[in-house]
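Chemist: The structure's right below; bear with me while I get my questions together.
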Amino acid sequence: MEAFIHVDQFNFIKRQVLDIVNAHVTSNDKGVVHTFISLAVERVDALFPEMIAEQKQLLTPIPLIDDKEKAEKFFADIKPYVIPFHVTEQGIKKLFPKVKKLKVPELEKLDLQEICYLSWIDYSMNKKFIITRSNGKLVGVHGTFDPIKQKGICAICNGHEEVGLFLTEKKGQVLGTYTKKGNYICRDSDVCNQNITAIEHLHDFVSRLKA
Ligand SMILES: [Zn+2]
């Protein structure tokens with residue numbers, strides 16, 4: 001069977017399963033636990049409207065998971081079917097032809113099955129780079145990043161995390177003018193990537209910057 005679970009869907013499944021585990025821990029009421037289970041199964045099924053028998057089979061253990069250990073085992077069992085973020089060093093360089101001395105992260109050190117978007121900060125030029133994949137194509141943006149002192153809502157994952165203001169700059173219609181666009185996003189892109197349970201906010205964020 002081919003990989004069929006997107007990284008955000010993997011995160012979504014994890015969250016649903018952990019909700020079930022949590023219901024087992026916190027509730028003595030079997031009815032309540034059962035409700036959590038049916039909701040979780042329904043939501044996961046809704047992710048994959050055209051599941052084939054083998055895919056269905058892979059996800060059947062969900063209602064039986066009642067502790068953290070079983071949950072971790074299940075996550076490990078389904079991970080081979082998670083579609084990795086596909087990117088190459090060459091592909092990244094092509095996205096930023098004007099950036100001199102681009103420092104591309106060491107891709108072999110990353111777990112590409114945990115990444116919805118790739119991001120790093122180049123402190124020497126005080127720039128944050130973001131790479132996403134939209135309709136099969138890589139899209140890259142870079143901008144300044146200024147962390148703020150309090151926590152805030154991230155525009156990409158919608159989590160309440162340590163965030164900063166990401167701003168891109170574009171030349172305006174009139175010579176010498178610039179327009180800036182941006183939003184608050186997570187400071188730590190690993191945390192952000194794990195929070196993403198629906199990819200749409202990431203695509204919205206990037207397409208607004210590109211517009
Ligand atoms: Zn985030």
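Scheme for the structure tokens: letters A, B, ... for chains in order shown; per-chain residue numbers from 1; ligand numbers from 1 in order shown.
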If you count only C-alpha atoms and all ligand atoms, which residues end up within 7 Å of ligand 1, as a PyMOL selection string?
Modeler: chain A and resi 154-159+161+185-186+189+191-193+195
Chemist: Extract, using only C-alpha atoms, all DNA, RNA and protein residues at most 12 Å from Val82 of chain A, discarding same-chain residues fewer than 4 positions from it, and format them as a short mmCIF file (atom, residue, chain, number, x, y, z; two decimals) with N, CA, C and O atoms, in the first residue's frame.
Modeler:
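Written out: part35.cif:
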```cif
data_model
loop_
_atom_site.label_atom_id
_atom_site.label_comp_id
_atom_site.auth_asym_id
_atom_site.auth_seq_id
_atom_site.Cartn_x
_atom_site.Cartn_y
_atom_site.Cartn_z
N MET A 1 0.84 -1.21 0.00
CA MET A 1 0.00 0.00 0.00
C MET A 1 0.88 1.26 0.00
O MET A 1 1.84 1.34 0.72
N GLU A 2 0.51 2.20 -0.82
CA GLU A 2 1.26 3.45 -0.91
C GLU A 2 0.93 4.37 0.27
O GLU A 2 -0.13 4.26 0.86
N ALA A 3 1.87 5.28 0.55
CA ALA A 3 1.61 6.29 1.57
C ALA A 3 0.40 7.13 1.14
O ALA A 3 0.30 7.51 -0.02
N PHE A 4 -0.52 7.38 2.06
CA PHE A 4 -1.71 8.15 1.69
C PHE A 4 -2.10 9.20 2.73
O PHE A 4 -3.03 9.97 2.52
N ILE A 5 -1.36 9.24 3.83
CA ILE A 5 -1.72 10.17 4.91
C ILE A 5 -0.82 11.40 4.82
O ILE A 5 0.41 11.28 4.85
N HIS A 6 -1.42 12.57 4.70
CA HIS A 6 -0.62 13.79 4.70
C HIS A 6 -0.19 14.11 6.14
O HIS A 6 -0.85 13.68 7.08
N VAL A 7 0.90 14.88 6.25
CA VAL A 7 1.45 15.14 7.58
C VAL A 7 0.41 15.80 8.50
O VAL A 7 0.29 15.43 9.67
N ASP A 8 -0.35 16.75 7.98
CA ASP A 8 -1.37 17.40 8.81
C ASP A 8 -2.45 16.41 9.23
O ASP A 8 -2.99 16.47 10.34
N GLN A 9 -2.75 15.46 8.35
CA GLN A 9 -3.75 14.43 8.68
C GLN A 9 -3.19 13.48 9.76
O GLN A 9 -3.93 13.06 10.66
N PHE A 10 -1.90 13.20 9.66
CA PHE A 10 -1.23 12.37 10.68
C PHE A 10 -1.35 13.06 12.04
O PHE A 10 -1.72 12.44 13.05
N ASN A 11 -1.07 14.36 12.06
CA ASN A 11 -1.21 15.13 13.31
C ASN A 11 -2.64 15.11 13.82
O ASN A 11 -2.89 15.02 15.02
N ILE A 13 -4.95 12.78 13.26
CA ILE A 13 -5.24 11.44 13.80
C ILE A 13 -4.64 11.29 15.19
O ILE A 13 -5.29 10.81 16.12
N GLN A 55 -6.53 0.60 3.52
CA GLN A 55 -6.38 1.83 4.30
C GLN A 55 -7.31 1.79 5.51
O GLN A 55 -6.92 2.16 6.62
N PHE A 75 0.78 4.90 16.31
CA PHE A 75 1.39 5.99 15.51
C PHE A 75 2.57 5.44 14.71
O PHE A 75 2.77 5.79 13.56
N ALA A 76 3.37 4.56 15.36
CA ALA A 76 4.52 3.97 14.66
C ALA A 76 4.05 3.07 13.52
O ALA A 76 4.69 3.02 12.46
N ASP A 77 2.93 2.38 13.73
CA ASP A 77 2.41 1.48 12.69
C ASP A 77 1.90 2.24 11.46
O ASP A 77 2.00 1.74 10.34
N ILE A 78 1.33 3.42 11.68
CA ILE A 78 0.78 4.14 10.53
C ILE A 78 1.80 5.09 9.87
O ILE A 78 1.61 5.53 8.75
N HIS A 86 8.31 16.55 0.24
CA HIS A 86 9.31 16.29 -0.79
C HIS A 86 10.05 17.57 -1.17
O HIS A 86 9.45 18.52 -1.65
N ASP A 111 13.24 14.91 9.78
CA ASP A 111 12.24 13.88 9.60
C ASP A 111 11.14 14.48 8.71
O ASP A 111 10.28 15.22 9.17
N LEU A 112 11.22 14.17 7.43
CA LEU A 112 10.33 14.82 6.46
C LEU A 112 8.88 14.33 6.56
O LEU A 112 7.99 14.89 5.93
N GLN A 113 8.67 13.30 7.38
CA GLN A 113 7.29 12.85 7.63
C GLN A 113 6.66 13.62 8.78
O GLN A 113 5.56 13.31 9.22
N GLU A 114 7.39 14.60 9.31
CA GLU A 114 6.84 15.42 10.39
C GLU A 114 6.72 16.87 9.94
O GLU A 114 6.52 17.76 10.75
N ILE A 115 6.89 17.10 8.65
CA ILE A 115 6.98 18.48 8.16
C ILE A 115 5.88 18.81 7.15
O ILE A 115 5.73 18.14 6.14
N CYS A 116 5.10 19.86 7.48
CA CYS A 116 4.14 20.40 6.51
C CYS A 116 4.79 21.53 5.74
O CYS A 116 4.45 21.81 4.61
#
```
Chemist: Could you give me, as a list in words, the residues within 10 Å of Gln150 of chain A, counting only C-alpha atoms and dropping anything in the same chain fewer than 2 positions from it?
Modeler: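 The contact residues come out as Pro147, Ile148, Gly152, Glu161, Glu162, Val163 and Gly164 of chain A.
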Chemist: Please write the residues from the selection above to a file, keeping C-alpha atoms, as a PDB file, in the first residue's frame.
Modeler:
```
ATOM      1  CA  PRO A 147       9.836  37.598  18.239  1.00  0.00           C
ATOM      2  CA  ILE A 148       7.410  39.204  20.698  1.00  0.00           C
ATOM      3  CA  GLY A 152       0.059  34.673  20.675  1.00  0.00           C
ATOM      4  CA  GLU A 161       2.529  29.610  21.180  1.00  0.00           C
ATOM      5  CA  GLU A 162       5.617  31.763  21.361  1.00  0.00           C
ATOM      6  CA  VAL A 163       5.272  33.796  18.196  1.00  0.00           C
ATOM      7  CA  GLY A 164       6.941  36.564  16.261  1.00  0.00           C
TER       8      GLY A 164
END
```
Chemist: For each of A:Arg43, A:Lys101, A:Lys181, A:Lys56, take the minimum atom-to-atom distance to Gly143 of chain A, counting only C-alpha atoms, then give the residue where this is smallest.
Modeler: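 With only C-alpha atoms as the atom set, the closest residue is A:Lys181.
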Chemist: Quick one: distance from atom CA of Gly172 of chain A to atom CA of Leu209 of chain A in Å, one decimal?
Modeler: 13.9 Å
Chemist: Can you measure atom CA of Val139 of chain A to atom CA of Arg15 of chain A for me? One decimal in Å is fine.
Modeler: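 Result for atom CA of Val139 of chain A versus atom CA of Arg15 of chain A: 27.6 Å, one decimal.
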Chemist: As a ChimeraX atom specification, list the residues of segment 29-157 of chain A assigned to alpha helix (DSSP H) by DSSP on the backbone atoms of this structure.
Modeler: /A:30-47,53-59,68-78,89-95
Chemist: DSSP on the backbone, strand (DSSP E or B) only: what residues of segment 85-208 of chain A does that give? Format it as a ChimeraX atom specification.
Modeler: /A:118-122,127-134,137-153,160-171,178-186
Chemist: One number please: atom CA of Phe166 of chain A to atom CA of Gly182 of chain A, in Å, one decimal.
Modeler: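 Between atom CA of Phe166 of chain A and atom CA of Gly182 of chain A the gap works out to 5.3 Å.
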Chemist: Go through A:Val141, A:Val32, A:Ile83, A:Lys70 and flag the residue nearest Val99 of chain A, using only C-alpha atoms for the distances.
Modeler: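 When distances to Val99 of chain A are compared using only C-alpha atoms, the smallest one comes from A:Val141.
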Chemist: Can you pull out the residues contacting Leu39 of chain A? Cut-off 12 Å, using only C-alpha atoms, and skip same-chain residues under 4 positions away; I want them as a PyMOL selection string.
Modeler: chain A and resi 13+16-17+19-20+23+32-35+43-46+62-63
Chemist: Save the residues we just selected, N, CA, C and O atoms, as an mmCIF file, in the first residue's frame?
Modeler:
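Result went into part-v3.cif, see below:
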```cif
data_model
loop_
_atom_site.group_PDB
_atom_site.id
_atom_site.type_symbol
_atom_site.label_atom_id
_atom_site.label_comp_id
_atom_site.auth_asym_id
_atom_site.auth_seq_id
_atom_site.Cartn_x
_atom_site.Cartn_y
_atom_site.Cartn_z
ATOM 1 N N ILE A 13 -4.948 12.776 13.259
ATOM 2 C CA ILE A 13 -5.241 11.438 13.797
ATOM 3 C C ILE A 13 -4.639 11.286 15.193
ATOM 4 O O ILE A 13 -5.289 10.809 16.120
ATOM 5 N N GLN A 16 -6.750 13.072 17.730
ATOM 6 C CA GLN A 16 -8.009 12.357 18.011
ATOM 7 C C GLN A 16 -7.746 11.161 18.929
ATOM 8 O O GLN A 16 -8.491 10.925 19.882
ATOM 9 N N VAL A 17 -6.690 10.409 18.624
ATOM 10 C CA VAL A 17 -6.371 9.222 19.419
ATOM 11 C C VAL A 17 -5.998 9.628 20.852
ATOM 12 O O VAL A 17 -6.441 9.001 21.818
ATOM 13 N N ASP A 19 -7.010 12.195 22.394
ATOM 14 C CA ASP A 19 -8.268 12.597 23.052
ATOM 15 C C ASP A 19 -8.990 11.376 23.622
ATOM 16 O O ASP A 19 -9.559 11.438 24.714
ATOM 17 N N ILE A 20 -8.976 10.287 22.870
ATOM 18 C CA ILE A 20 -9.607 9.047 23.350
ATOM 19 C C ILE A 20 -8.879 8.546 24.602
ATOM 20 O O ILE A 20 -9.504 8.225 25.617
ATOM 21 N N ALA A 23 -9.728 10.588 27.488
ATOM 22 C CA ALA A 23 -11.084 10.305 27.982
ATOM 23 C C ALA A 23 -11.071 9.064 28.877
ATOM 24 O O ALA A 23 -11.741 9.031 29.926
ATOM 25 N N VAL A 32 -19.482 8.386 28.150
ATOM 26 C CA VAL A 32 -18.684 9.545 27.728
ATOM 27 C C VAL A 32 -17.506 9.079 26.870
ATOM 28 O O VAL A 32 -17.239 9.629 25.803
ATOM 29 N N VAL A 33 -16.828 8.035 27.349
ATOM 30 C CA VAL A 33 -15.676 7.508 26.608
ATOM 31 C C VAL A 33 -16.133 7.041 25.225
ATOM 32 O O VAL A 33 -15.484 7.326 24.216
ATOM 33 N N HIS A 34 -17.262 6.365 25.216
ATOM 34 C CA HIS A 34 -17.773 5.854 23.954
ATOM 35 C C HIS A 34 -18.067 6.987 22.963
ATOM 36 O O HIS A 34 -17.799 6.867 21.767
ATOM 37 N N THR A 35 -18.606 8.083 23.487
ATOM 38 C CA THR A 35 -18.891 9.247 22.639
ATOM 39 C C THR A 35 -17.600 9.786 22.025
ATOM 40 O O THR A 35 -17.550 10.097 20.834
ATOM 41 N N ARG A 43 -14.494 11.569 12.695
ATOM 42 C CA ARG A 43 -13.644 12.648 12.170
ATOM 43 C C ARG A 43 -12.510 12.099 11.318
ATOM 44 O O ARG A 43 -12.167 12.680 10.292
ATOM 45 N N VAL A 44 -11.907 10.998 11.757
ATOM 46 C CA VAL A 44 -10.808 10.416 10.980
ATOM 47 C C VAL A 44 -11.344 9.877 9.649
ATOM 48 O O VAL A 44 -10.741 10.092 8.594
ATOM 49 N N ASP A 45 -12.502 9.212 9.693
ATOM 50 C CA ASP A 45 -13.114 8.701 8.453
ATOM 51 C C ASP A 45 -13.379 9.841 7.469
ATOM 52 O O ASP A 45 -13.202 9.677 6.260
ATOM 53 N N ALA A 46 -13.797 10.988 8.008
ATOM 54 C CA ALA A 46 -14.131 12.132 7.156
ATOM 55 C C ALA A 46 -12.901 12.665 6.412
ATOM 56 O O ALA A 46 -13.024 13.316 5.374
ATOM 57 N N ILE A 62 -8.164 2.199 16.002
ATOM 58 C CA ILE A 62 -8.424 3.437 16.757
ATOM 59 C C ILE A 62 -9.395 3.261 17.939
ATOM 60 O O ILE A 62 -9.078 3.672 19.052
ATOM 61 N N PRO A 63 -10.550 2.619 17.757
ATOM 62 C CA PRO A 63 -11.490 2.528 18.892
ATOM 63 C C PRO A 63 -10.967 1.689 20.059
ATOM 64 O O PRO A 63 -11.491 1.785 21.172
#
```
Chemist: So that I can see what lies close to Val21 of chain A, please list as a PyMOL selection string the residues with an atom at most 7 Å from it, counting only C-alpha atoms and leaving out residues fewer than 4 positions away in the same chain.
Modeler: chain A and resi 17+25+65-68
Chemist: Produce a table with one row for each residue of segment 42-89 of chain A that has an atom at most 12 Å from any atom of segment 123-131 of chain A, each row naming the nearest atom pair and its distance in Å at one decimal; use only C-alpha atoms; arrange rows by chain and rising residue number; format as JSON lines.
Modeler:
```
{"residue": "A:Phe85", "atom": "CA", "partner": "A:Ile131", "partner_atom": "CA", "distance": 10.2}
{"residue": "A:His86", "atom": "CA", "partner": "A:Ile131", "partner_atom": "CA", "distance": 10.7}
{"residue": "A:Val87", "atom": "CA", "partner": "A:Ile131", "partner_atom": "CA", "distance": 9.1}
{"residue": "A:Thr88", "atom": "CA", "partner": "A:Ile131", "partner_atom": "CA", "distance": 11.3}
{"residue": "A:Glu89", "atom": "CA", "partner": "A:Ile131", "partner_atom": "CA", "distance": 11.7}
```
